[in-house]
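With compact mmCIF, C-alpha atoms and all ligand atoms inside, this is protein-v4.txt:
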```txt
# COMPACT_ATOMS: atom_id res chain seq x y z
CA MET A 1 -19.71 4.48 -7.78
CA GLU A 2 -16.64 2.85 -9.30
CA LYS A 3 -14.37 4.91 -11.48
CA SER A 4 -10.86 4.16 -12.67
CA GLN A 5 -7.91 6.50 -12.30
CA LYS A 6 -6.65 8.20 -15.42
CA THR A 7 -3.48 9.80 -16.70
CA ILE A 8 -2.37 11.23 -20.03
CA GLU A 9 -1.00 9.10 -22.82
CA ARG A 10 2.06 11.13 -23.86
CA SER A 11 3.99 14.24 -22.84
CA VAL A 12 2.72 17.62 -24.05
CA GLU A 13 3.55 21.22 -23.30
CA ILE A 14 1.94 24.61 -23.19
CA GLU A 15 3.42 28.03 -22.70
CA GLY A 16 2.33 31.61 -22.27
CA ILE A 17 2.25 34.69 -20.09
CA GLY A 18 0.95 34.56 -16.50
CA LEU A 19 -2.16 36.71 -16.01
CA HIS A 20 -0.86 38.32 -12.82
CA THR A 21 2.94 38.28 -13.03
CA GLY A 22 3.06 38.94 -16.77
CA GLU A 23 6.00 36.53 -16.90
CA ARG A 24 6.50 33.79 -19.45
CA ALA A 25 5.95 30.26 -18.19
CA ARG A 26 6.08 26.79 -19.68
CA LEU A 27 4.32 23.66 -18.45
CA ILE A 28 5.34 20.21 -19.60
CA PHE A 29 2.88 17.43 -18.74
CA HIS A 30 4.06 13.84 -18.36
CA PRO A 31 2.05 10.64 -17.84
CA ALA A 32 2.19 9.28 -14.28
CA THR A 33 1.40 5.97 -12.63
CA ALA A 34 -1.68 5.33 -10.46
CA ASP A 35 -1.76 7.05 -7.06
CA THR A 36 0.87 9.63 -8.08
CA GLY A 37 -1.70 12.41 -8.05
CA ILE A 38 -1.20 15.78 -9.70
CA VAL A 39 2.40 16.79 -9.01
CA PHE A 40 4.15 20.02 -9.96
CA MET A 41 7.92 19.83 -10.38
CA LYS A 42 10.02 22.93 -10.50
CA LYS A 43 13.67 22.87 -11.42
CA ASP A 44 15.71 25.52 -9.69
CA GLY A 45 19.31 24.98 -10.74
CA SER A 46 20.18 21.49 -9.57
CA HIS A 47 17.37 21.48 -7.03
CA ASN A 48 14.05 19.81 -7.81
CA GLY A 49 11.08 21.20 -5.93
CA VAL A 50 7.92 19.12 -5.89
CA ILE A 51 4.48 20.20 -4.77
CA LYS A 52 0.97 18.81 -4.93
CA PRO A 53 -2.01 21.10 -5.48
CA LEU A 54 -3.76 20.14 -2.25
CA ILE A 55 -5.51 22.30 0.31
CA GLU A 56 -2.67 21.90 2.82
CA ASN A 57 -0.28 23.50 0.34
CA LEU A 58 -2.53 26.44 -0.41
CA LEU A 59 -0.83 29.82 0.08
CA ASP A 60 -2.55 32.55 2.05
CA THR A 61 -5.25 34.12 -0.14
CA ALA A 62 -4.84 37.41 1.71
CA LYS A 63 -1.21 37.55 0.59
CA PHE A 64 -1.93 36.37 -2.95
CA PRO A 65 -5.41 37.66 -3.74
CA ARG A 66 -7.62 36.95 -6.77
CA ARG A 67 -6.01 33.63 -7.72
CA THR A 68 -5.15 30.21 -6.35
CA SER A 69 -1.52 29.84 -5.33
CA ILE A 70 0.15 26.77 -3.92
CA GLY A 71 3.60 26.35 -2.45
CA ASP A 72 5.94 25.82 0.45
CA GLU A 73 9.40 27.21 1.27
CA ASP A 74 10.86 25.82 -1.95
CA VAL A 75 8.21 26.18 -4.59
CA GLN A 76 5.51 28.74 -5.30
CA ILE A 77 3.11 28.36 -8.17
CA HIS A 78 0.44 30.94 -8.85
CA THR A 79 -2.89 30.92 -10.70
CA VAL A 80 -3.32 27.15 -10.85
CA GLU A 81 -7.14 27.28 -10.79
CA HIS A 82 -7.91 27.06 -14.52
CA LEU A 83 -5.47 24.22 -15.02
CA LEU A 84 -6.79 22.34 -11.97
CA SER A 85 -10.37 22.92 -13.11
CA ALA A 86 -9.55 21.30 -16.46
CA LEU A 87 -7.69 18.33 -14.96
CA TYR A 88 -10.42 17.66 -12.39
CA SER A 89 -13.26 17.91 -14.88
CA MET A 90 -11.48 15.82 -17.49
CA GLU A 91 -10.99 13.31 -14.65
CA ILE A 92 -7.20 13.20 -14.87
CA ASP A 93 -5.90 11.86 -11.55
CA ASN A 94 -2.21 11.42 -12.23
CA VAL A 95 0.15 13.73 -14.07
CA LEU A 96 3.62 15.18 -13.52
CA ILE A 97 3.79 18.83 -14.47
CA GLU A 98 7.21 20.37 -14.98
CA ILE A 99 6.96 24.11 -14.61
CA GLU A 100 9.34 26.78 -15.80
CA GLY A 101 8.28 30.04 -14.18
CA ASN A 102 6.12 30.90 -11.18
CA GLU A 103 2.66 31.16 -12.65
CA CYS A 104 0.55 29.01 -14.93
CA PRO A 105 0.14 30.52 -18.39
CA GLY A 106 -3.05 32.56 -18.67
CA VAL A 107 -3.45 31.89 -22.41
CA ASP A 108 -6.99 33.03 -23.26
CA GLY A 109 -8.08 33.45 -19.61
CA SER A 110 -10.11 30.23 -19.56
CA ALA A 111 -9.59 26.52 -18.88
CA LYS A 112 -10.07 25.66 -22.56
CA PRO A 113 -6.37 25.63 -23.58
CA PHE A 114 -5.74 23.12 -20.78
CA VAL A 115 -8.59 20.88 -21.93
CA GLU A 116 -7.14 21.03 -25.44
CA ILE A 117 -3.67 20.07 -24.26
CA ILE A 118 -5.10 17.13 -22.24
CA LYS A 119 -6.99 15.92 -25.30
CA LYS A 120 -3.89 16.34 -27.44
CA ALA A 121 -1.95 14.20 -24.96
CA GLY A 122 -4.67 11.56 -25.00
CA ILE A 123 -6.35 10.11 -21.91
CA LYS A 124 -5.30 6.76 -20.57
CA GLN A 125 -7.23 4.66 -18.11
CA LEU A 126 -5.25 3.04 -15.29
CA ASN A 127 -6.02 -0.19 -13.57
CA LYS A 128 -6.69 1.33 -10.16
CA LYS A 129 -9.80 2.63 -8.46
CA LYS A 130 -10.30 6.41 -8.36
CA ASP A 131 -10.55 8.03 -4.95
CA VAL A 132 -14.19 9.11 -4.81
CA PHE A 133 -15.92 11.00 -2.02
CA ILE A 134 -19.69 10.64 -2.03
CA ILE A 135 -21.79 13.40 -0.49
CA LYS A 136 -24.26 11.45 1.64
CA GLU A 137 -26.00 14.27 3.47
CA PRO A 138 -26.25 18.04 3.00
CA ILE A 139 -23.21 20.04 4.03
CA TYR A 140 -23.32 23.82 4.06
CA LEU A 141 -21.36 26.85 5.03
CA SER A 142 -22.61 30.44 5.23
CA GLU A 143 -20.68 33.60 5.85
CA ASN A 144 -21.34 37.28 5.12
CA ASN A 145 -24.30 36.47 2.94
CA THR A 146 -22.32 34.03 0.79
CA HIS A 147 -23.09 30.32 0.86
CA ILE A 148 -21.85 27.01 -0.33
CA ILE A 149 -23.91 23.84 -0.14
CA ALA A 150 -23.28 20.23 -1.09
CA LEU A 151 -26.18 17.84 -1.67
CA PRO A 152 -26.28 14.17 -2.56
CA SER A 153 -26.40 13.53 -6.31
CA SER A 154 -25.59 10.61 -8.57
CA GLU A 155 -22.87 12.62 -10.36
CA LEU A 156 -20.75 15.73 -9.93
CA LYS A 157 -22.93 18.73 -10.57
CA ILE A 158 -22.14 22.39 -9.98
CA SER A 159 -24.54 25.29 -9.71
CA TYR A 160 -23.60 28.89 -9.10
CA ILE A 161 -25.34 32.16 -8.41
CA LEU A 162 -23.36 35.25 -9.21
CA ASP A 163 -24.67 38.53 -7.89
CA TYR A 164 -23.08 41.93 -8.44
CA PRO A 165 -25.93 44.19 -7.40
CA GLU A 166 -25.96 47.72 -8.75
CA THR A 167 -23.43 46.86 -11.45
CA SER A 168 -23.90 46.08 -15.10
CA LEU A 169 -23.38 42.37 -14.39
CA GLY A 170 -26.35 41.99 -12.08
CA SER A 171 -27.28 38.38 -11.26
CA GLN A 172 -26.58 35.21 -13.21
CA TYR A 173 -27.38 31.58 -12.47
CA ALA A 174 -26.08 28.44 -14.14
CA SER A 175 -26.07 24.73 -13.34
CA TYR A 176 -24.21 21.92 -15.10
CA SER A 177 -23.39 18.26 -14.73
CA ILE A 178 -19.61 18.14 -14.81
CA ILE A 179 -18.93 15.31 -17.18
CA PRO A 180 -15.99 15.82 -19.58
CA GLU A 181 -18.11 16.38 -22.71
CA ILE A 182 -20.34 19.00 -21.07
CA TYR A 183 -17.47 20.70 -19.25
CA GLU A 184 -15.45 20.99 -22.43
CA LYS A 185 -18.30 22.61 -24.33
CA GLU A 186 -20.09 24.71 -21.73
CA ILE A 187 -17.64 25.60 -18.94
CA ALA A 188 -14.02 25.41 -20.07
CA PRO A 189 -14.28 28.20 -22.68
CA ALA A 190 -15.59 30.74 -20.13
CA ARG A 191 -12.94 33.39 -19.51
CA THR A 192 -11.97 35.29 -16.43
CA PHE A 193 -13.62 38.69 -15.98
CA CYS A 194 -13.62 41.83 -13.92
CA LEU A 195 -15.52 45.09 -13.81
CA LYS A 196 -13.98 48.14 -15.45
CA GLU A 197 -13.80 49.90 -12.09
CA GLU A 198 -11.76 47.02 -10.61
CA ILE A 199 -8.85 47.45 -13.04
CA GLU A 200 -7.18 50.42 -11.36
CA PRO A 201 -7.14 48.90 -7.83
CA LEU A 202 -5.85 45.59 -9.25
CA LYS A 203 -3.00 47.23 -11.14
CA LYS A 204 -2.19 49.28 -8.05
CA ILE A 205 -1.47 46.13 -6.01
CA GLY A 206 0.68 44.82 -8.85
CA LEU A 207 -1.81 42.29 -10.25
CA GLY A 208 -3.03 41.71 -13.76
CA LYS A 209 0.34 42.48 -15.36
CA GLY A 210 -0.33 39.87 -18.02
CA SER A 211 -4.01 40.63 -18.57
CA ASP A 212 -5.45 42.44 -21.52
CA TYR A 213 -8.90 42.86 -23.05
CA LYS A 214 -8.45 39.57 -24.91
CA ASN A 215 -7.66 37.23 -21.99
CA THR A 216 -9.82 39.04 -19.44
CA LEU A 217 -13.36 40.20 -20.02
CA VAL A 218 -13.48 43.75 -18.72
CA ILE A 219 -17.14 44.51 -18.27
CA ASP A 220 -18.19 48.09 -19.02
CA LYS A 221 -21.09 50.00 -17.51
CA ASP A 222 -23.51 48.57 -20.08
CA GLY A 223 -22.63 45.02 -19.12
CA PHE A 224 -20.52 44.17 -22.19
CA PRO A 225 -16.84 43.30 -22.47
CA ILE A 226 -14.61 46.11 -23.72
CA ASP A 227 -12.87 45.30 -27.03
CA ASN A 228 -14.17 41.75 -26.91
CA GLN A 229 -17.30 39.61 -27.21
CA PHE A 230 -18.92 37.13 -24.89
CA ARG A 231 -18.54 33.47 -25.85
CA PHE A 232 -21.77 32.85 -23.92
CA LYS A 233 -24.35 35.39 -22.78
CA ASP A 234 -23.69 34.25 -19.19
CA GLU A 235 -19.95 33.74 -19.56
CA PRO A 236 -19.10 35.25 -16.12
CA VAL A 237 -21.21 32.77 -14.12
CA ARG A 238 -19.82 29.89 -16.18
CA HIS A 239 -16.31 31.08 -15.34
CA LYS A 240 -17.28 31.12 -11.67
CA ILE A 241 -18.25 27.45 -12.02
CA SER A 242 -14.89 26.75 -13.63
CA ASP A 243 -13.06 28.50 -10.77
CA LEU A 244 -15.16 26.68 -8.16
CA ILE A 245 -14.10 23.37 -9.71
CA GLY A 246 -10.48 24.56 -9.58
CA ASP A 247 -10.88 25.12 -5.84
CA ILE A 248 -12.67 21.82 -5.30
CA ALA A 249 -9.74 20.08 -6.99
CA LEU A 250 -7.65 21.03 -3.94
CA PHE A 251 -9.76 18.55 -1.95
CA GLY A 252 -7.84 15.76 -3.66
CA SER A 253 -10.71 13.30 -4.01
CA TYR A 254 -13.28 13.25 -6.78
CA ILE A 255 -16.64 14.38 -5.45
CA VAL A 256 -19.92 12.77 -6.33
CA GLY A 257 -22.50 15.31 -5.29
CA HIS A 258 -24.20 18.56 -6.22
CA ILE A 259 -22.27 21.64 -5.12
CA ILE A 260 -24.03 24.96 -5.11
CA GLY A 261 -22.10 28.18 -4.71
CA ILE A 262 -24.01 31.33 -3.90
CA LYS A 263 -21.66 34.29 -4.32
CA SER A 264 -18.97 32.13 -2.77
CA GLY A 265 -15.39 33.03 -3.52
CA HIS A 266 -12.02 31.47 -3.15
CA SER A 267 -11.67 31.84 0.64
CA MET A 268 -15.17 30.44 1.31
CA ASN A 269 -14.51 27.54 -1.06
CA THR A 270 -11.32 26.80 0.85
CA LYS A 271 -13.12 26.71 4.18
CA PHE A 272 -15.70 24.43 2.66
CA ILE A 273 -13.06 21.99 1.47
CA ASN A 274 -11.59 21.90 4.96
CA LYS A 275 -15.04 21.06 6.28
CA MET A 276 -15.40 18.24 3.77
CA LYS A 277 -11.93 16.99 4.67
CA ALA A 278 -12.89 16.79 8.33
CA LEU A 279 -16.00 14.89 7.30
CA LYS A 280 -13.98 12.53 5.15
CA GLU A 281 -11.61 11.81 8.05
CA ARG A 282 -14.60 11.09 10.30
CA GLU A 283 -16.02 8.80 7.67
CA LYS A 284 -12.70 7.00 7.48
CA MET A 285 -12.90 6.33 11.20
CA GLY A 286 -16.15 4.51 10.77
CA MET A 287 -14.90 2.77 7.69
CA GLY A 288 -13.93 -0.39 9.52
CA MET A 289 -17.44 -0.78 10.93
CA ASP A 290 -20.12 -2.50 8.97
CA LYS A 291 -23.80 -1.58 9.24
CA GLU A 292 -24.22 -3.53 12.46
CA GLY A 293 -21.27 -1.74 13.99
CA HIS A 294 -18.96 -4.74 14.03
CA ARG A 295 -15.30 -4.03 14.16
CA GLY A 296 -13.74 -4.60 10.76
CA ASP A 297 -10.21 -5.20 9.62
CA GLY A 298 -7.77 -2.43 10.29
CA ILE A 299 -9.50 -1.05 13.39
CA LEU A 300 -7.42 -1.37 16.53
CA TYR A 301 -8.32 -0.22 20.02
CA ALA A 302 -5.82 0.63 22.75
CA GLU A 303 -5.60 -2.97 23.99
CA ASP A 304 -4.78 -4.14 20.45
CA ILE A 305 -2.24 -1.35 19.98
CA CYS A 306 -0.51 -2.42 23.21
CA LYS A 307 0.00 -5.85 21.69
CA ILE A 308 1.96 -4.27 18.83
CA ILE A 309 3.98 -1.45 20.38
CA PRO A 310 5.52 -1.37 23.87
CA HIS A 311 4.36 2.12 24.88
CA ARG A 312 2.20 2.47 28.00
CA TYR A 313 0.68 5.19 30.14
CA PRO A 314 1.59 8.01 30.27
CA PHE A 315 3.41 7.60 27.02
CA LEU A 316 0.92 5.80 24.81
CA LEU A 317 -0.22 8.60 22.53
CA VAL A 318 -2.60 6.75 20.20
CA ASP A 319 -6.13 5.87 21.29
CA ARG A 320 -7.27 4.00 18.22
CA ILE A 321 -6.10 2.95 14.78
CA VAL A 322 -8.83 3.44 12.20
CA GLU A 323 -7.07 2.40 9.03
CA LEU A 324 -4.18 0.04 8.61
CA ASN A 325 -2.63 -1.65 5.63
CA ASP A 326 0.93 -2.40 4.54
CA ASN A 327 1.61 1.15 3.40
CA LYS A 328 -0.52 3.38 5.54
CA ALA A 329 -1.86 3.76 9.06
CA ILE A 330 -4.27 6.33 10.44
CA GLY A 331 -4.56 6.75 14.19
CA ILE A 332 -6.54 8.96 16.52
CA LYS A 333 -5.50 10.69 19.68
CA ASN A 334 -8.21 12.50 21.58
CA VAL A 335 -6.47 15.29 23.44
CA SER A 336 -8.22 16.03 26.73
CA MET A 337 -7.65 18.69 29.36
CA ASN A 338 -6.63 15.87 31.72
CA GLU A 339 -3.40 15.07 29.84
CA TRP A 340 -0.40 15.05 32.18
CA PHE A 341 1.62 17.38 29.97
CA PHE A 342 -0.83 20.25 30.20
CA GLN A 343 0.07 20.81 33.86
CA GLY A 344 3.29 22.50 32.95
CA HIS A 345 2.86 23.21 29.23
CA PHE A 346 1.81 25.86 29.95
CA PRO A 347 0.08 26.78 33.21
CA GLY A 348 -3.09 28.61 32.20
CA ARG A 349 -2.36 28.16 28.50
CA PRO A 350 -2.49 24.46 27.64
CA ILE A 351 -0.76 23.55 24.38
CA MET A 352 0.27 20.03 23.41
CA PRO A 353 4.09 19.94 23.11
CA GLY A 354 5.11 19.60 19.49
CA VAL A 355 7.56 16.80 20.30
CA LEU A 356 4.67 14.74 21.66
CA ILE A 357 2.72 15.17 18.43
CA VAL A 358 5.83 13.90 16.65
CA GLU A 359 6.00 11.03 19.14
CA ALA A 360 2.32 10.23 18.51
CA MET A 361 2.99 10.07 14.75
CA ALA A 362 6.03 7.88 15.43
CA GLN A 363 3.86 5.49 17.47
CA VAL A 364 1.40 5.19 14.59
CA GLY A 365 4.48 4.56 12.42
CA GLY A 366 5.48 1.86 14.89
CA VAL A 367 2.09 0.20 14.53
CA LEU A 368 2.39 0.47 10.74
CA MET A 369 5.78 -1.28 10.75
CA LEU A 370 5.18 -3.83 13.49
CA HIS A 371 1.70 -5.08 12.66
CA LYS A 372 3.12 -7.00 9.71
CA GLU A 373 3.39 -10.70 10.39
CA GLU A 374 7.17 -10.85 9.88
CA ASN A 375 7.80 -7.99 12.34
CA ARG A 376 5.54 -9.11 15.17
CA GLY A 377 7.24 -9.00 18.56
CA LYS A 378 10.09 -6.83 17.29
CA LEU A 379 10.78 -3.19 18.06
CA ALA A 380 10.83 -0.16 15.77
CA TYR A 381 13.50 2.41 16.53
CA PHE A 382 13.42 5.86 15.01
CA MET A 383 16.82 6.84 13.64
CA SER A 384 16.05 10.29 12.33
CA ILE A 385 13.26 12.78 12.00
CA GLU A 386 13.42 15.37 9.29
CA GLN A 387 11.52 18.26 7.82
CA VAL A 388 9.36 18.58 10.87
CA LYS A 389 6.96 21.48 10.65
CA PHE A 390 4.66 22.68 13.37
CA ARG A 391 1.85 24.57 11.74
CA LYS A 392 -0.83 25.00 14.37
CA ALA A 393 -1.22 24.69 18.14
CA VAL A 394 -3.05 21.65 19.51
CA ARG A 395 -5.23 22.38 22.52
CA PRO A 396 -7.43 20.36 24.86
CA GLY A 397 -10.54 19.19 23.04
CA CYS A 398 -8.73 18.66 19.75
CA GLN A 399 -8.86 15.32 18.02
CA LEU A 400 -5.55 14.52 16.39
CA ILE A 401 -5.74 12.43 13.24
CA LEU A 402 -2.32 10.85 12.76
CA GLN A 403 -1.59 9.66 9.28
CA VAL A 404 1.63 7.81 8.49
CA GLU A 405 2.59 6.46 5.09
CA VAL A 406 5.53 4.43 3.83
CA LEU A 407 7.71 6.33 1.39
CA LYS A 408 10.30 3.59 0.94
CA ILE A 409 11.36 0.33 2.53
CA LYS A 410 14.84 -1.10 2.11
CA GLY A 411 15.59 -4.18 4.18
CA LYS A 412 14.86 -3.33 7.79
CA VAL A 413 14.90 0.42 7.24
CA ALA A 414 11.80 2.34 6.32
CA ARG A 415 11.27 5.94 5.40
CA LEU A 416 7.90 7.19 6.57
CA VAL A 417 6.00 10.42 6.14
CA GLY A 418 3.65 11.55 8.88
CA LYS A 419 0.95 14.18 9.02
CA ALA A 420 -1.15 15.17 12.00
CA PHE A 421 -4.48 16.85 11.32
CA VAL A 422 -7.00 18.65 13.47
CA ASP A 423 -10.35 19.48 11.83
CA GLY A 424 -8.91 18.72 8.43
CA SER A 425 -5.91 21.06 8.70
CA VAL A 426 -2.35 19.88 9.04
CA VAL A 427 -0.94 20.79 12.46
CA THR A 428 2.37 18.92 12.26
CA GLU A 429 4.22 16.98 9.61
CA GLY A 430 7.58 15.31 9.20
CA THR A 431 9.47 12.38 7.72
CA PHE A 432 10.92 9.54 9.80
CA MET A 433 13.52 6.86 9.31
CA SER A 434 12.80 3.78 11.32
CA THR A 435 14.52 0.46 11.69
CA ILE A 436 13.22 -2.87 12.91
CA VAL A 437 15.27 -4.62 15.59
CA ASP A 438 14.81 -7.92 17.42
CA GLU A 439 13.97 -7.40 21.05
ZN ZN B 1 -10.69 32.18 -12.93
```

Show me this structure written as structure tokens.
Amino acid sequence: MEKSQKTIERSVEIEGIGLHTGERARLIFHPATADTGIVFMKKDGSHNGVIKPLIENLLDTAKFPRRTSIGDEDVQIHTVEHLLSALYSMEIDNVLIEIEGNECPGVDGSAKPFVEIIKKAGIKQLNKKKDVFIIKEPIYLSENNTHIIALPSSELKISYILDYPETSLGSQYASYSIIPEIYEKEIAPARTFCLKEEIEPLKKIGLGKGSDYKNTLVIDKDGFPIDNQFRFKDEPVRHKISDLIGDIALFGSYIVGHIIGIKSGHSMNTKFINKMKALKEREKMGMGMDKEGHRGDGILYAEDICKIIPHRYPFLLVDRIVELNDNKAIGIKNVSMNEWFFQGHFPGRPIMPGVLIVEAMAQVGGVLMLHKEENRGKLAYFMSIEQVKFRKAVRPGCQLILQVEVLKIKGKVARLVGKAFVDGSVVTEGTFMSTIVDE
């Protein structure tokens, strides 16, 4: 399925009160070039913080309940789900979003205002292929009687079962093909909701400061919204579909498949995305193979890697390169209990030293720089390593996926960004400066 990337045609803005913080916020959307992605920019004095709404930047849902929050040390942005739902469904791949404030405006509690602003900006097709992930076989996740399932389908389709037994909401089911025209009409207008009895506990933990009966459907004991009217008889389940799309957007790629949520919430959806990410990485590994299993371009085994970089046992920390082009390399390191470094790090509690994960990323960076014709036979030296973060421990049995991308090349000096994943989660990341020298 071939789709082109899209952005908006001109800059537009929207402002309003955040549903949870009650604070005023303003978003200014700007067109962006292909492969930029969705990028939030936050000005803090002279400092510009930038963050992408991707699963690896998701903030702990236990700390920030009942919403989707993204961030790092510099930037925190709350309640992005309705905006992301609108961008994903309207198939906008690239946009720069300046944000003033810490939370997306709640407006009417639905994704509709964001669809309207996108349409006001105009949609522009870009001359680059959209990153599409096709569900080829069923994937499912079950936990505490909640489920999420993905099935093959020729288009993105979302179904949801909502079930609030012994409340006025009861059960609702809805299923829609998520194409822009249908989304805009049937899903985007559905507003956020809660039960009357949930209000007190929410206010107690300091949430819902910006909510009122207009932007939040507060369902009474008879099953109707207080001081308001449903836009659809089954508005709550439609809103659940909207929120599920907002979570799926954190996957980064556009999904072609049928996703079915059964009482699944934000934390389940997140786990599911991580599962799909792991699957996507695995698929990438096989990408260089054709149907007969022949080795394609970009796949390098250890003996090929040794022709490019000088590292040898016990210091060669890449087993295989599975994707390689001028701007990006993905390598694999299978971490086994037999690694030499586990003997002392630590006896009885084997953990891969963080510096070696950094070294493994640097070696993939070396392959990325040196595989180019003009650099063959040269050496890549690393001059600096910055912003290194160790997020999770790597133990025997883990498979490290080492992804290195070029940020900038100037003459012989390159700035690279590396990420190491295990099971779809980032374990280590950092940026590198490397220079090419003649041997
Ligand atoms: Zn919502």

Hey, which bits of chain A sit within 8 Å of ligand ZN 1 (chain B), and for each residue what's the closest pair of atoms and how far apart in Å (one decimal), counting all atoms listed in the file, rows by chain and increasing number, as CSV?
```
residue,atom,partner,partner_atom,distance
A:Arg67,CA,B:ZN1,ZN,7.2
A:Glu81,CA,B:ZN1,ZN,6.4
A:His82,CA,B:ZN1,ZN,6.0
A:Gly109,CA,B:ZN1,ZN,7.3
A:Ser110,CA,B:ZN1,ZN,6.9
A:Arg191,CA,B:ZN1,ZN,7.1
A:Thr192,CA,B:ZN1,ZN,4.9
A:Phe193,CA,B:ZN1,ZN,7.8
A:His239,CA,B:ZN1,ZN,6.2
A:Lys240,CA,B:ZN1,ZN,6.8
A:Ser242,CA,B:ZN1,ZN,6.9
A:Asp243,CA,B:ZN1,ZN,4.9
```

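Counting from atom CA of Ile17 of chain A, the distance to atom CA of Pro113 of chain A is 13.0 Å.
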
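Considering all atoms listed in the file, the residue among A:Thr36, A:Ile135, A:Asp247, A:Gly348 positioned nearest to Leu83 of chain A is A:Asp247.
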
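For the choices A:Asp93, A:Asp74, A:Glu281, A:Glu100, the atom-to-atom distance to Ala249 of chain A is smallest for A:Asp93 when using only C-alpha atoms.
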
How many Å separate atom CA of Leu356 of chain A from atom CA of Glu373 of chain A? 27.9 Å

Need to verify the contact set: Val75 of chain A, 6 Å, all atoms listed in the file, exclusion of same-chain residues closer than 3 positions in sequence. Can you return it as a PDB file with C-alpha atoms, in the frame of the given file?
```pdb
ATOM      1  CA  GLY A  49      11.080  21.200  -5.930  1.00  0.00           C
ATOM      2  CA  GLY A  71       3.600  26.350  -2.450  1.00  0.00           C
ATOM      3  CA  ASP A  72       5.940  25.820   0.450  1.00  0.00           C
TER       4      ASP A  72
END
```

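Residue neighbourhood of Ser142 of chain A, excluding near-sequence residues (fewer than 3 positions): Asn145, Thr146, His147, Ile148, Ile149, Ile262, Ser264, Met268 and Phe272 of chain A, at 10 Å, using only C-alpha atoms.
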
Using all atoms listed in the file, which residues sit within 8 Å of Arg320 of chain A once same-chain residues fewer than 4 positions away are excluded, as a VMD selection string? chain A and resid 299 to 302 305 331 to 333

Using all atoms listed in the file, which protein or nucleic acid residues come within 9 Å of Ala32 of chain A? Drop anything in the same chain fewer than 6 positions from it, and give the result as a list of chain:residue names. A:Lys6, A:Thr7, A:Ile8, A:Ile38, A:Asp93, A:Asn94, A:Val95, A:Leu96

Take the residues from that selection and write them out as a PDB file, keeping the file's coordinate frame, keeping C-alpha atoms.
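And here's again.pdb as it stands now:
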```
ATOM      1  CA  LYS A   6      -6.650   8.200 -15.420  1.00  0.00           C
ATOM      2  CA  THR A   7      -3.480   9.800 -16.700  1.00  0.00           C
ATOM      3  CA  ILE A   8      -2.370  11.230 -20.030  1.00  0.00           C
ATOM      4  CA  ILE A  38      -1.200  15.780  -9.700  1.00  0.00           C
ATOM      5  CA  ASP A  93      -5.900  11.860 -11.550  1.00  0.00           C
ATOM      6  CA  ASN A  94      -2.210  11.420 -12.230  1.00  0.00           C
ATOM      7  CA  VAL A  95       0.150  13.730 -14.070  1.00  0.00           C
ATOM      8  CA  LEU A  96       3.620  15.180 -13.520  1.00  0.00           C
TER       9      LEU A  96
END
```

Between A:Asn269, A:Asn375, A:Ser384, A:Gln403, which has the minimum distance to Val437 of chain A (counting all atoms listed in the file)? A:Asn375

Minimum-distance residue to Asn102 of chain A, chosen among A:Val132, A:Leu202, A:Leu19, A:Ile179 (using all atoms listed in the file): A:Leu19

Name all residues at most 12 Å from Glu374 of chain A (count all atoms listed in the file; drop same-chain ones fewer than 6 positions away) and give them as a ChimeraX atom specification. /A:326,412,436-438

Can you work out which one of A:Leu151, A:Ile77, A:Val388, A:Val422 has the shortest atom-to-atom distance to Val50 of chain A, counting all atoms listed in the file? A:Ile77

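The space between atom CA of Ile187 of chain A and atom CA of Ala111 of chain A spans 8.1 Å.
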
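Of the residues listed (A:Thr270, A:Asn144, A:Ser168, A:Gln125), A:Ser168 shows the shortest atom-to-atom separation from Val218 of chain A; distances use only C-alpha atoms.
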
Could you build a table of the residues in segment 230-276 of chain A lying no more than 8 Å from segment 169-174 of chain A, giving for each the nearest pair of atoms and their separation in Å rounded to one decimal place, using all atoms listed in the file, ordered by chain and ascending residue number, as CSV?
```
residue,atom,partner,partner_atom,distance
A:Asp234,CA,A:Gln172,CA,6.7
A:Val237,CA,A:Gln172,CA,6.0
A:Arg238,CA,A:Ala174,CA,6.7
```

Write the residues of the selection above to a file with C-alpha atoms, as an mmCIF file, keeping the file's coordinate frame.
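Wrote part.cif, looks like this:
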```cif
data_model
loop_
_atom_site.group_PDB
_atom_site.id
_atom_site.type_symbol
_atom_site.label_atom_id
_atom_site.label_comp_id
_atom_site.auth_asym_id
_atom_site.auth_seq_id
_atom_site.Cartn_x
_atom_site.Cartn_y
_atom_site.Cartn_z
ATOM 1 C CA ASP A 234 -23.690 34.250 -19.190
ATOM 2 C CA VAL A 237 -21.210 32.770 -14.120
ATOM 3 C CA ARG A 238 -19.820 29.890 -16.180
#
```
